[in-house]
Every structure is written in structure tokens, then in C-alpha cells.
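J.: This structure is in C-alpha cells; I'll ask about it shortly.
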Amino acid sequence: MTRKEPGFSKGIDWSLIWLYLLLVAIGIMAIYAVTSEDEALVTGFFSFKTDYSKQFYFFILAGFLGIFILLTDSKFFTATANLWYAIGIFTMLLVFPFHSRIKGTESIIKLGGFNFQPADFCKACVCLALAKYLSLPDLDFSKTKSQLIAAGIALIPAILSIMQSETGLALVYFSFFIVMYREGLPATILVVGFFIAALVVSTLLVDKNILAMVLLGITALVIYIMWRQIKRDRSLLIGIILISVLCIGIQRFVVPFAFQHVFKPYQVERIFSTIGKDVPDDYMKPEERFKLVLEGKKKKDPDYNVKQSKIAIGSGGVIGKGLLKGTQTRNKFVPEQRTDFIFCTIGESFGFVGTAAVLAIYLILLFRIVTVAERQRSVFSRCYAYGVASVFFFHIVINICMTIGLAPVIGIPLPFISYGGTSLLTFTILLFILIRLDGDRQMVLR
Amino acid sequence: MPVFNQSRSYIIRILFILAFLIILAQLFHLQVLSNEYEIKAEQNALLKKTIYPSRGIIYDRKNRPIVKNTLMYDLMVTPSEVRGVDTSYLCQLLGIDTAEFNNRVVSAIVKNGGNRNQAAAFEELLTPERYARLDENMWRFGNGFFLQERPVRTYPFDAGAHFLGYIGEVDSAIIARSGGFYEPGDYVGRTGLENTYEKVLMGQRGLQVLMKDNKGRIKGSYAKGQMDEPATAGRGLRTYIDAELQQLAEKLLKNKIGAIVAIDPKTGGILAMASGPTFTPNDLTGANFKKTYGKFVLDVSRPLLNRAIKGQYPPGSTYKPVGALIALDEGVITPRTGIGCTGAYYGCNKTVKCTEHWGGHSTDLKTSIAWSCNSFFSMTYRATVDNPRIGNVKDGYAKWKEYVNAFGYGHPLGVDLPSEDKGNIADTAFYNKRYNGYWNSCTNVSLGIGQGEMLVTPLQIANVMSTIANKGFYYIPHFVKSIDDEKADDTLLNKYRIKHKIPVHISDTVYNIVIEGMHEVTTIGTASTIPKIPGINICAKTGTAENKLVLDGKVVQLKDHSVFGCFAPMEDPKIAIAVIVENGGFGATWAGPMAYLMAEKYLTDSLRADRKTEADRISNANLMPSYLPRLQYKEDSVRARFYFNLTKDSAYIKKYLHKSNILPVDPLPSKEKVVIKGIDMIDPKNQITFSKRNTLTR
């Protein structure tokens with residue numbers, strides 16, 4: 001990638017490439033720290049038998065793909081954005097008849113020796129398509145219709161993901177609301193969305209009767225404060241009371257209904273284990289609970305992963321135990337520690353210094369992407385860059401929060417660091433298309 | 001498009017920073033502020049394995065080990081790896097069936113709290129033959145089974161069970177008392193020297209820090225063994241015990257209830273200590289322990305009781321030299337004091353009978369000792385207690401008690417064994433209470449001849465003998481001469497190096513009169529029938545102690561205990577011996593000859609040929625009291641009834657339901673029912689209380 005060719009390296013944002021290389025290197029090292037046995041380092045690296053060696057080859061593959069993307073004309077991406085979206089949706093639909101039956105997911109197609117996960121790959125497609133839609137010259141994003149279309153572009157793959165039992169990946173698509181916000185989606189929608197989310201969370205945390213009384217209290221307070229306005233306009237009172245009834249309705253009926261009928265029982269278990277509570281009876285059908293117990297899927301300790309993960313990270317202390325010296329991660333106490341819980345290895349081996357450094361690198365990356373986004377002249381490039389930032393942001397925050405007990409375990413990887421070919425390739429594609437677009441920022445792309 | 005909505009990019013950045021700050025705060029909390037997770041991680045991943053040091057060896061006076069360690073093997077099983085093992089062949093080697101095999105695997109899993117990956121014992125303490133056969137075939141059983149070493153105590157001389165004690169797994173009480181020093185699974189000295197010198201013998205435990213994985217499998221040492229601590233082996237104990245003398249003592253006590261103690265008067269070192277019924281220490285090691293221990297506990301002859309320090313007996317006439325010394329010091333008699341005894345002491349309302357009734361057996365102190373004149377010593381006791389210089393019987397008695405205590409009676413001597421008994425010397429308050437304050441020297445005159453409210457342990461008698469041999473001092477009897485690599489903080493032995501002087505201020509000449517009297521016991525007196533040891537003058541005192549037992553609600557007077565105390569040689573005492581044979585009759589019948597054999601063995605280092613046959617004769621004599629079967633029957637049937645009530649399982653009481661199995665109420669042969677004779681001065685009511693105490697010690 002250090003070849004100096006005009007048209008290839010011209011305008012390339014090298015800082016993004018260095019950050020990318022740094023993160024991939026940290027990832028391979030962390031995977032090495034978890035999975036290496038007694039084999040020699042060099043043979044281990046090139047054998048393609050160990051996980052870190054596989055990740056290394058994935059990286060080489062991703063590198064070639066990156067170079068290929070950099071060699072492509074940036075107009076290609078604007079031109080084919082909708083086509084990619086169609087391909088993405090199509091492959092996701094292909095999953096339904098052709099998915100392989102591996103551990104608890106229905107979202108993977110086996111291609112030769114590789115597991116291909118369309119729901120993961122589709123993030124890049126959505127990113128392109130959303131950018132394409134938002135950059136349409138005659139788009140008025142203040143119209144509800146165009147807002148709904150944009151939301152639809154982002155949420156169709158999310159719905160398909162949920163149907164494939166990949167709730168975690170589905171949630172990623174909600175991060176595209178950050179892009180829409182940047183492009184003028186009214187803040188009230190996000191604020192309302194946020195409040196609904198807060199209501200749902202407090203429903204889970206607080207006893208339902210107490211919460212209902214609190215909501216009634218808030219309603220009364222609002223009516224009291226706004227009494228003057230209400231005197232002038234009686235319909236305001238009806239509006240407030242309707243909102244209040246809606247809130248109580250959500251809290252009393254919608255949330256329990258969603259937990260019983262929308263989420264899978266194991267997901268309910270996970271959500272409740274994150275907040276450290278047992279699943280109440282209204283949130284899971286008794287027969288489901290019985291089935292979980294019968295099948296042995298209800299573990300004695302549903303938050304075992306999070307507990308072990310917190311122990312691993314917490315035991316790292318300030319400076320960590322050193323590479324390969326982590327007792328928790330080396331001896332397999334944390335499940336899935338190559339993939340979703342890779343952050344534990346960093347936490348245990350390098351302590352607070354290490355985790356803070358990785359966080360800093362990620363923050364620099366995100367800020368760099370936002371800076372890059374803001375310097376684009378084309379709306380397409382800017383929207384695309386925000387899309388990339390949003391996806392990265394969501395992955396990073398949720399993944400790390402998951403390992404330190406701040407978010408439910410929803411199984412999404414840490415960008416560039418987690419083990420896994422599809423995820424590394426997807427993130428590489430996302431980032432390198434951005435670098436390519438940025439390289440041509442002088443052009444006005446439509 | 002120009003700067004449309006550009007301010008929102010800052011809001012997005014702030015959102016990013018906020019999210020990262022929350023994460024950073026939580027990381028700071030987990031990693032820097034809280035150390036809870038470090039502790040949990042250690043519990044998770046580190047296995048602190050204790051390395052047990054080899055236990056210290058106990059040597060006899062000739063530096064031959066009497067307790068040492070040997071390696072035995074446990075067959076261990078890892079339940080998760082049993083699959084595929086040639087089960088039938090293993091069962092055949094161990095002599096078990098498949099059902100038992102499965103049972104043991106399941107109990108191994110249960111032992112480890114359900115963890116199938118951890119090893120537990122499949123069969124403990126394999127016999128050498130079984131070990132050899134298994135060792136050859138271990139390759140067949142793969143990773144599921146392996147042999148684990150386990151050090152076990154062995155006893156080369158197969159002697160000294162009572163004082164050596166045994167080691168056993170700690171129980172919750174010991175763990176609690178040790179403040180967490182011991183952990184479940186540790187072995188600790190439970191009795192005897194093993195217990196007293198536990199700290200010395202156990203050594204220093206080592207620590208090996210190992211890493212384990214999520215399934216509890218060992219993954220090698222942690223931090224390259226930098227945190228490991230090596231174990232330090234337990235230190236050896238050098239004792240005064242003469243292994244062969246000990247063997248002889250145990251041989252003599254075979255099939256008898258009683259005790260033998262031999263002390264070196266010059267040091268207080270215990271040369272031999274045996275208690276009957278005897279058992280061999282190898283009965284209580286390794287695989288034998290479970291089998292024999294339960295049997296011993298239920299046996300009414302109480303084989304586990306070390307009667308040398310816990311048996312409480314009336315000293316009988318062996319007390320008399322002490323009474324003489326006290327009276328001499330008080331000045332109430334002189335060596336020339338005599339009494340005209342015609343077969344009984346008439347000084348009090350009740351007579352005290354004397355076994356001798358010919359004139360001249362009590363003309364002076366020396367002959368009175370030689371012939372063990374009850375009249376003389378009743379008189380001596382009364383004169384001591386009624387000493388006109390003190391003027392008051394209660395103060396006189398208190399003074400007498402002070403003397404007797406100084407001789408080591410009435411309090412534990414402090415031997416280096418746990419739970420030594422003190423015997424009993426009643427105090428004035430006891431008599432005041434019993435007789436409402438109205439009593440005189442006649443009330444307890446039987447104390448003068450070593451009966452009544454006087455109970456002593458065989459060790460105390462031996463100690464008194466060595467005190468007389470030393471002419472007025474003793475060292476606390478003890479086993480351990482020195483500890484290997486003794487350090488300044490080994491304070492255990494300090495009290496055994498202090499000379500205890502008896503507050504009897506009489507000249508050696510007067511001492512010599514008492515000693516000569518004891519010598520005459522063996523030449524012309526009560527023990528003259530015992531064949532002499534050529535060239536060795538023994539000083540001795542026979543004793544014949546009355547005792548009673550409550551059996552089936554009746555007080556039965558049993559055959560007297562045969563008591564004997566002696567030291568030898570007279571000129572330069574090297575050994576002091578006390579022997580008690582329960583229900584053995586006269587002191588010179590059984591206890592005396594046994595003491596002679598002990599003395600000869602120790603002083604000449606061997607036994608003459610005819611003495612060897614004598615030793616065999618004594619050893620083969622069965623003097624187990626005939627009330628034992630009845631007592632055993634009663635205890636067993638009561639226990640059976642208890643378990644029957646508990647479980648409603650009639651199997652417990654089945655054998656007691658047939659008439660033919662019921663033991664007769666009165667099994668004592670008539671010859672053992674001795675007519676109440678001699679010294680029956682004591683209110684029968686009081687005697688019962690003491691006989692109850694006696695039954696307890698049995």
C-alpha cells in the first residue's frame with residue numbers, strides 16, 4: 001500500500017490507514033494472546049491453523065480488497081449504491097432457504113470453508129444506499145415521507161436480521177439515525193425515541209405499579225406547571241392526558257407483550273441478566289420458561305459471561321498482567337473471548353492503561369471520520385462518512401459496554417479487533433470506500 | 001450544500017465523547033478502584049496446592065526409629081475421563097463388581113462437588129500386592145486413573161501405641177480451634193506424642209500455585225513457580241523410650257487390664273509406658289484405622305484408654321513410704337518408732353486389719369515397711385494429721401495434703417501427653433461437707449494405707465518411686481529428650497529440665513532407712529517370694545488395692561488390684577517402675593514379677609532363659625475380669641435398643657430377642673467374689689461414689 005501512484009495515493013487520508021493498521025495489529029495480538037498454545041511464533045503465524053494466523057490471512061485478504069477499492073473510481077460507488085443495496089437485501093433473503101444450521105443463528109451461509117453472514121455485509125450496502133438517497137438533489141428531508149423512506153432503507157435489513165435471530169446486528173441499523181439526524185431529521189424524533197427507550201428501560205427496572213404512579217405524578221406536575229396555557233387551550237390538556245395514558249399503556253401492556261411475543265426467551269434472559277434481575281412472570285410465557293428449563297438452556301447463572309468478563313477486565317488492574325499472562329483469558333474462563341469478548345484480553349493483559357489507550361485510538365478514529373465527513377463537498381460522501389462513523393460508534397460502544405456489564409450481551413464484534421473474517425472484511429470495505437471517496441473530495445459526486 | 005445543519009456535527013461529537021467517558025469511568029471503577037475482581041480472578045484461576053511435608057520421625061533412646069513414614073498409594077479417578085477404560089479388568093484387579101465401580105465413580109463426583117474433571121480417591125491406601133498389580137497395569141487405564149502417593153506412619157517395633165498416639169484427618173472443631181491453620185483433609189496428631197509435638201512433627205507446609213482453566217483442569221504452574229514455597233520436613237523427636245523394654249511391657253500386659261510405667265529417675269525420662277488391654281500401633285494406621293477404631297471404641301475394656309496416665313487406682317500400700325517420709329519430716333515418728341501389731345489396728349472405733357499378725361513385724365520403721373504393716377501406717381497417718389504442733393486435725397490434714405501433692409499425687413504431673421488425669425486427693429472442704437465439719441483422723445484413717453479418697457495414676461506411682469530413689473527430687477516424667485535442630489523457641493521441653501524438690505527436710509541417713517525398708521520388702525518382706533535378679537538390689541513396695549464395681553445395680557467387691565512400685569539398683573537407681581494389674585490380687589502375684597522382668601531387661605539388657613519363660617507365662621495368663629462379657633452385653637444391647645428406636649429396624653435387636661443369647665445377670669465365678677475383708681472402715685455409701693468413678697475408668 002505504500003506504492004506511490006498518482007490517482008491511487010493522491011488525496012488519501014493516511015491517518016485513517018495508520019489507525020486501521022494499528023487496530024488490526026492490536027486485534028491480531030489480542031487473538032494471539034488468547035489462543036496461542038506452545039507452537040513456534042513464525043510457524044504459528046503462517047500455518048493457517050491457529051486463529052491468529054487465520055485472522056492474519058483475513059487481514060491480507062482485506063488488505064487486497066482495500067487496495068482494490070482504492071483503485072476503483074469513486075463514481076463507481078455512487079453509481080452502484082442502489083445496486084449494492086439490492087444485492088445486500090437479496091443475499092439476506094437467500095439466507096432463509098440456504099442458511100447453515102450452526103449454533104443458534106440462522107443468518108449464515110456456508111461458502112466453501114467460509115461462513116458468510118449477509119446481515120453483517122449488508123451494513124455497507126445500507127450505508128451506500130442511505131447516502132445515495134439522502135444526497136438526491138431534489139430531496140426535501142424535512143418532509144415526513146422522505147424521513148420514512150430513509151428510515152425504511154435502514155430498517156428493512158434490521159427486520160430481516162431479527163427474522164434471522166440476529167437481534168444484535170438488527171440494532172446496528174438503528175445507528176443510521178445518527179446520519180439522518182445530521183442531515184436534518186428533527187431532534188424531537190430522536191428525543192421522543194430516547195424517551196420511549198428510557199421508558200422501556202425503567203419499565204424493566206421499576207415495579208410496574210410504582211412506575212405507573214410516578215408517571216401519573218409527572219402528568220399532574222406538567223398539568224400544574226402548564227395550567228395557564230391549558231386555560232387558554234383546552235386541547236393541550238387532552239394531549240397531555242393522552243400522552244400520559246400512552247406512556248402507562250406502553251409500560252403496562254406493550255413492553256410485556258413485546259417481551260412475550262417478539263423477543264426470543266433467551267434474549268429476554270440476557271436483557272434481564274444485564275440489569276441483574278430475574279425474568280418476571282409477565283415478561284415470559286410460563287410454558288416458555290418451562291421449556292427453557294427443560295432444554296437446559298436456562299443456565300444456573302445467566303450472566304456468567306458478563307461476570308467472567310468483568311473479572312477478567314477488573315483483574316487487569318492499572319497496568320495489566322502482561323501479554324500471555326492473563327489467567328482468566330488464557331484459561332478460557334470468558335466464553336467467546338476471541339470474538340465478542342476480545343476486549344477482556346486487552347483489559348486483563350494491559351490493564352486500565354491498555355483499555356484507555358484502545359478507547360483513545362477508537363475516539364481518534366471516530367473524530368477523524370467526522371472531520372473527514374465535514375470536509376466533503378458532496379452530500380453523498382458526507383452521508384456515507386457519517387454512516388461509517390455511526391456503525392463504528394455503535395459497534396465499539398455496545399461491544400465494550402457488553403464486556404463491562406453496561407449493555408446486554410447482544411453479540412456484535414469489536415471493529416478490526418474481534419476475530420472473524422466477515423466482520424473484518426465488512427469493516428475494511430466500509431472504511432476504505434470512505435477513504436476512496438475522501439480522496440476524490442474535490443469532485444462533486446451525485 | 002453549504003453549512004446546512006453543520007452545528008449538529010458538534011452534537012454528534014459530544015455524543016461520542018459522552019459515551020466514551022461513561023465507558024472510561026466504568027473501566028476506571030473496575031480496574032483501578034475495585035480490587036474485588038482481582039480476588040475473584042485468583043479464586044477462579046489459581047489453585048493453591050498445599051505440599052505436605054513428611055512428618056517428623058520419633059526415635060528411641062538408642063536412636064532407632066519407633067515411628068517413621070512409608071509411602072502408600074491411593075488409586076485416584078478422574079470421572080470425566082473414565083469412558084473407554086477397561087472397566088472389567090480394573091474391577092477384577094480390585095475385586096469389585098461393576099455396580100460398585102459405578103458407585104465409586106459417582107461418589108468421586110459427589111466428593112468434588114459435582115466437578116467431573118477433578119480427581120478423587122477411588123480406593124484409598126492400597127495393599128502392597130494390589131499396588132504392585134495395579135502399577136503394572138496402569139497403562140491400560142489411560143488418563144482416567146492414576147496412583148497417588150500418600151505418606152503413612154509405620155511402627156518398626158510395632159509398640160508404643162498408647163503414648164505415640166495416631167494421626168487422623170482434622171475435624172471441624174480442630175479447624176475452628178486452629179483459627180484456620182488446618183484445612184479439611186489435613187492430617188493432624190490426634191492423641192499421644194503425635195498430638196503434643198504436632199507443631200514440631202508436622203514441619204512447614206509448602207505451597208504450589210497452579211493455574212486451572214474454566215473446567216478446573218490444571219494448566220501448569222503459575223508465574224513460573226515464583227510464588228511457590230517449598231515444604232520443610234517435620235523435625236525428629238529423640239525420646240527416652242527403650243523400644244525393646246516397651247515391647248516387653250506390652251507383652252506382659254497382654255490380656256490384662258492395667259499399666260506399666262518405667263522412668264529413669266535421674267532425668268525423669270520415660271523408658272516404657274504400656275497400658276492394657278494392649279493393641280499395636282499398626283492397627284490404627286492406614287487402611288486398618290477405620291476397621292479397628294470403631295471396634296475399640298465400643299469395647300468395654302476400653303483399649304484406647306492409656307491407663308498409665310488416665311487409669312485412677314488406689315495406690316494401696318505403695319503409698320506407705322510416702323506416709324513414712326511425711327511423718328519423719330513432721331517429726332511425729334522416728335526411724336525407731338514401732339507398734340505392737342497383732343493383726344489389726346484398734347486405735348479407732350473400726351479396726352484396720354493387717355495381713356501380718358506375728359509379733360515383730362512392726363518393731364521399727366524399716367520392718368514395718370518390709371512387712372507393710374497396716375497398723376503402723378494407720379498410726380503414722382493419724383500422728384501426722386493430729387500433729388500436736390499444729391493442734392487441729394483440719395490444719396493437720398491440709399498440711400498432709402500439701403506434702404502428698406508435693407510428691408506429685410492429686411494433680412497432673414505434666415507429662416508430654418495430652419489429657420493426663422490428676423488422680424484424687426480429697427481436700428478438707430470435701431470432708432467438712434461430707435461430715436458436716438465433724439470428722440477426725442479416724443474418719444479417713446484408711447488414707448494412711450493408700451485406700452479411701454486417694455486415687456493415683458500409675459505414672460504418679462512411678463514418679464514417687466523415682467523421687468524416693470533420688471532422695472527428694474524428681475523431674476517431671478516425659479518422653480522427649482530432645483528435638484532435632486532444637487531452637488530457642490522450642491519451649492516445650494523447658495519444664496522437663498527443672499528439678500522439683502520435695503519439701504521433706506530429712507537427712508540421707510533417714511532416707512536410707514526408708515530405702516532399706518523397701519529393699520527388705522524384696523529380701524525378707526512381702527515381695528521376697530519373687531525370684532531375685534542376681535547382683536541387683538531392688539527397692540520395692542507391694543500394694544493390694546481394694547476396688548468395687550456397680551454391676552446390675554449391685555455393689556460388687558472385686559478381686560484386689562495388684563500394685564507394685566520399685567526402683568533399682570538400690571545403690572545407684574537407674575530405673576523406677578510402677579505396675580498395676582487390675583483384679584490381679586496381691587502386689588507380689590502379678591505386678592511384682594512383671595516389674596522385676598522390666599528391671600532385669602533394662603539393667604542387664606537381656607533376660608535370662610528362665611526369665612524368658614516366666615515372661616511368656618505372664619504374657620499368656622488371661623486376667624481379663626470376668627464381669628466384662630456381662631458389661632459388654634449390657635452396653636451392646638442398650639445401644640441396639642437406641643438404634644432400633646431411631647431406625648425402627650429390628651435387625652439391630654434381633655439377636656437380643658432369643659432367650660439363649662441373654663447373658664446371665666450374675667456371671668462372676670464365686671472365687672472372685674472376695675469376702676469383704678481387712679480395712680472396711682469406710683461408709684459403704686461413699687465407696688459407691690468412688691466405685692462409680694472406677695467403673696468410668698474401666
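Each chain in the C-alpha cells gets a letter, A, B, ..., in the order shown, and its residues are numbered from 1; ligands are numbered from 1 in order too.
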Output as a ChimeraX atom specification all residues of stretch 91-271 of chain A that backbone DSSP marks as strand (DSSP E or B).
T.: /A:102,105,109-111,114-116
J.: Please check the contacts: residues of chain B at most 10 Å away from chain A, using only C-alpha atoms, listed as a ChimeraX atom specification.
T.: /B:1-13,15-17,19-24,26-42,44-46,211-219,222-223
J.: Skipping near chain neighbours, those fewer than 5 positions away, what residues fall within 12 Å of B:Ala609 using only C-alpha atoms, listed as JSON, numbers by chain?
T.: {"B": [597, 600, 601, 614, 615, 616]}
J.: Generate the output file for the selected residues, C-alpha atoms, as a compact mmCIF listing (two decimals), in the first residue's frame.
T.:
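Heads up, here's the output in result-v8.txt:
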```
# COMPACT_ATOMS: atom_id res chain seq x y z
CA LEU B 597 11.26 -58.58 84.45
CA GLU B 600 16.18 -57.06 84.59
CA LYS B 601 15.56 -56.36 80.93
CA GLU B 614 8.45 -66.52 83.07
CA ALA B 615 7.67 -63.61 80.74
CA ASP B 616 5.85 -65.98 78.41
```
J.: Compare B:Val415, B:Val322, B:Val579, B:Ile476 by their minimum atom-to-atom distance to B:Phe377, counting only C-alpha atoms, and give me the closest one.
T.: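 Of B:Val415, B:Val322, B:Val579, B:Ile476, the one nearest B:Phe377, counting only C-alpha atoms, is B:Val322.
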J.: Go ahead and compute the interatomic distance for atom CA of A:Ser418 and atom CA of A:Leu61, in Å to one decimal.
T.: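 So the two atoms, atom CA of A:Ser418 and atom CA of A:Leu61, lie 16.0 Å apart.
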J.: I'd like the neighbourhood of stretch 223-225 of chain A as a compact mmCIF listing (two decimals) with N, CA and C atoms, in the first residue's frame, where a residue qualifies if any of its atoms comes within 8 Å (using only C-alpha atoms), though same-chain residues fewer than 5 positions away should be ignored.
T.:
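Saved as result-v3.txt:
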```txt
# COMPACT_ATOMS: atom_id res chain seq x y z
N ILE A 230 -52.98 25.76 29.48
CA ILE A 230 -54.13 24.86 29.34
C ILE A 230 -55.43 25.67 29.41
N LEU A 237 -54.66 20.03 27.27
CA LEU A 237 -54.91 19.12 28.39
C LEU A 237 -55.17 17.69 27.88
N ILE A 240 -51.91 16.16 26.76
CA ILE A 240 -51.08 15.70 27.87
C ILE A 240 -51.62 14.40 28.44
```
J.: Hey, what's within 10 Å of B:Thr50 if we count only C-alpha atoms and toss same-chain stuff fewer than 5 positions away? As an mmCIF file with C-alpha atoms, in the first residue's frame, please?
T.:
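Okay, this is what ended up in part13.cif:
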```cif
data_model
loop_
_atom_site.group_PDB
_atom_site.id
_atom_site.type_symbol
_atom_site.label_atom_id
_atom_site.label_comp_id
_atom_site.auth_asym_id
_atom_site.auth_seq_id
_atom_site.Cartn_x
_atom_site.Cartn_y
_atom_site.Cartn_z
ATOM 1 C CA GLU B 183 -7.830 -27.193 56.337
ATOM 2 C CA ASP B 186 -5.182 -32.223 56.687
ATOM 3 C CA ARG B 205 3.670 -26.853 54.704
ATOM 4 C CA GLY B 206 4.726 -25.767 51.268
ATOM 5 C CA LEU B 207 2.639 -24.066 48.655
ATOM 6 C CA GLN B 208 2.430 -24.664 44.958
ATOM 7 C CA VAL B 209 0.448 -22.163 42.942
ATOM 8 C CA ASP B 228 5.760 -21.476 45.267
ATOM 9 C CA GLU B 229 7.129 -22.232 48.698
ATOM 10 C CA PRO B 230 8.954 -25.484 49.382
ATOM 11 C CA ALA B 231 7.811 -27.680 52.246
#
```
J.: List the neighbours of stretch 33-38 of chain A out to 8 Å using only C-alpha atoms; skip same-chain residues closer than 6 positions along the sequence, and give me the result as a tab-separated table (two decimals) with C-alpha atoms, in the first residue's frame.
T.:
```tsv
chain	number	residue	atom	x	y	z
A	50	THR	CA	-4.32	-21.11	14.59
A	51	ASP	CA	-6.91	-18.39	14.97
A	52	TYR	CA	-4.41	-15.55	14.95
A	323	LEU	CA	0.83	-10.41	27.31
A	324	LEU	CA	0.09	-14.16	27.65
A	329	THR	CA	-8.48	-15.20	29.32
A	330	ARG	CA	-5.72	-17.75	28.83
A	337	GLN	CA	-13.25	-14.33	24.06
A	338	ARG	CA	-11.73	-14.32	20.59
A	345	THR	CA	-7.92	-9.84	26.82
```
J.: How far is it from atom CA of A:Ile410 to atom CA of A:Ile342, in Å with one decimal?
T.: 14.3 Å
J.: Write out as a ChimeraX atom specification the residues lying within 10 Å of A:Leu23, counting only C-alpha atoms and excluding same-chain residues fewer than 6 positions away.
T.: /A:17,29,358,361-362,365,415-417
J.: Give the answer as one residue: which of B:Leu607, B:Leu147, B:Leu75, B:Val404 has the shortest atom-to-atom distance to B:Met454, using only C-alpha atoms?
T.: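 Result for the nearest residue to B:Met454: B:Val404.
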J.: Just give me the gap between atom CA of B:Ala426 and atom CA of B:Lys310 in Å, one decimal is fine.
T.: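 That distance, rounded to one decimal, is 17.8 Å.
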J.: Which one is closest to B:Ile575: B:Pro151, B:Gly331, B:Gly269, B:Pro531? Count only C-alpha atoms.
T.: B:Gly269
J.: Mind the document's chain letters and residue numbers, and return as number ranges by chain the residues of stretch 246-414 of chain B that DSSP labels helix (DSSP H, G or I).
T.: B: 246-252, 281-284, 288-298, 307-310, 316-330, 365-370, 374-385, 393-406
J.: Keeping C-alpha atoms, export the residues of the selection given above as a compact mmCIF listing (two decimals), in the first residue's frame.
T.:
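This went into selection-v4.txt:
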```txt
# COMPACT_ATOMS: atom_id res chain seq x y z
CA GLN B 246 8.44 -51.19 75.66
CA GLN B 247 7.83 -54.36 73.68
CA LEU B 248 8.35 -56.41 76.84
CA ALA B 249 5.94 -54.22 78.81
CA GLU B 250 3.25 -54.65 76.19
CA LYS B 251 3.88 -58.36 76.01
CA LEU B 252 3.44 -58.68 79.78
CA PRO B 281 0.00 -49.07 66.63
CA ASN B 282 -0.18 -50.58 63.17
CA ASP B 283 -3.83 -51.35 63.97
CA LEU B 284 -4.54 -47.65 63.75
CA ASN B 288 -6.70 -50.51 59.31
CA PHE B 289 -7.83 -47.40 61.09
CA LYS B 290 -11.48 -47.43 60.14
CA LYS B 291 -11.76 -51.13 60.83
CA THR B 292 -10.20 -51.22 64.27
CA TYR B 293 -11.04 -47.82 65.68
CA GLY B 294 -14.77 -48.46 65.76
CA LYS B 295 -14.24 -51.82 67.38
CA PHE B 296 -12.00 -50.35 70.07
CA VAL B 297 -14.42 -47.56 70.86
CA LEU B 298 -17.25 -49.99 71.51
CA ARG B 307 -4.31 -46.28 81.80
CA ALA B 308 -0.73 -45.24 82.61
CA ILE B 309 -1.88 -41.62 82.72
CA LYS B 310 -5.66 -41.96 82.85
CA GLY B 316 -2.68 -49.21 98.28
CA SER B 317 0.44 -49.96 100.25
CA THR B 318 2.71 -48.39 97.66
CA TYR B 319 1.72 -45.14 99.35
CA LYS B 320 3.29 -46.17 102.65
CA PRO B 321 6.89 -44.99 102.06
CA VAL B 322 5.46 -41.54 101.28
CA GLY B 323 3.45 -41.59 104.51
CA ALA B 324 6.61 -42.53 106.38
CA LEU B 325 8.65 -39.71 104.85
CA ILE B 326 5.95 -37.15 105.66
CA ALA B 327 5.71 -38.33 109.26
CA LEU B 328 9.51 -38.28 109.60
CA ASP B 329 9.68 -34.70 108.30
CA GLU B 330 6.91 -33.64 110.64
CA LEU B 365 10.02 -48.18 110.56
CA LYS B 366 12.19 -50.43 108.42
CA THR B 367 10.44 -53.69 109.31
CA SER B 368 7.05 -52.01 109.12
CA ILE B 369 7.78 -51.07 105.51
CA ALA B 370 9.17 -54.50 104.75
CA ASN B 374 -1.30 -51.52 108.26
CA SER B 375 -1.36 -50.79 111.98
CA PHE B 376 1.94 -48.92 111.86
CA PHE B 377 0.92 -46.75 108.93
CA SER B 378 -2.58 -46.10 110.29
CA MET B 379 -0.89 -44.88 113.42
CA THR B 380 1.64 -42.87 111.39
CA TYR B 381 -1.10 -41.19 109.39
CA ARG B 382 -3.06 -40.28 112.48
CA ALA B 383 0.06 -38.97 114.20
CA THR B 384 0.81 -36.78 111.16
CA VAL B 385 -2.66 -35.34 110.89
CA VAL B 393 -6.99 -32.10 112.59
CA LYS B 394 -8.15 -29.94 109.72
CA ASP B 395 -4.95 -27.95 109.54
CA GLY B 396 -3.03 -31.15 110.07
CA TYR B 397 -4.84 -32.75 107.16
CA ALA B 398 -4.22 -29.69 104.98
CA LYS B 399 -0.53 -29.91 105.80
CA TRP B 400 -0.53 -33.62 104.98
CA LYS B 401 -2.27 -32.92 101.66
CA GLU B 402 0.35 -30.30 100.84
CA TYR B 403 3.06 -32.94 101.31
CA VAL B 404 1.24 -35.53 99.23
CA ASN B 405 0.68 -33.02 96.45
CA ALA B 406 4.37 -32.18 96.51
```
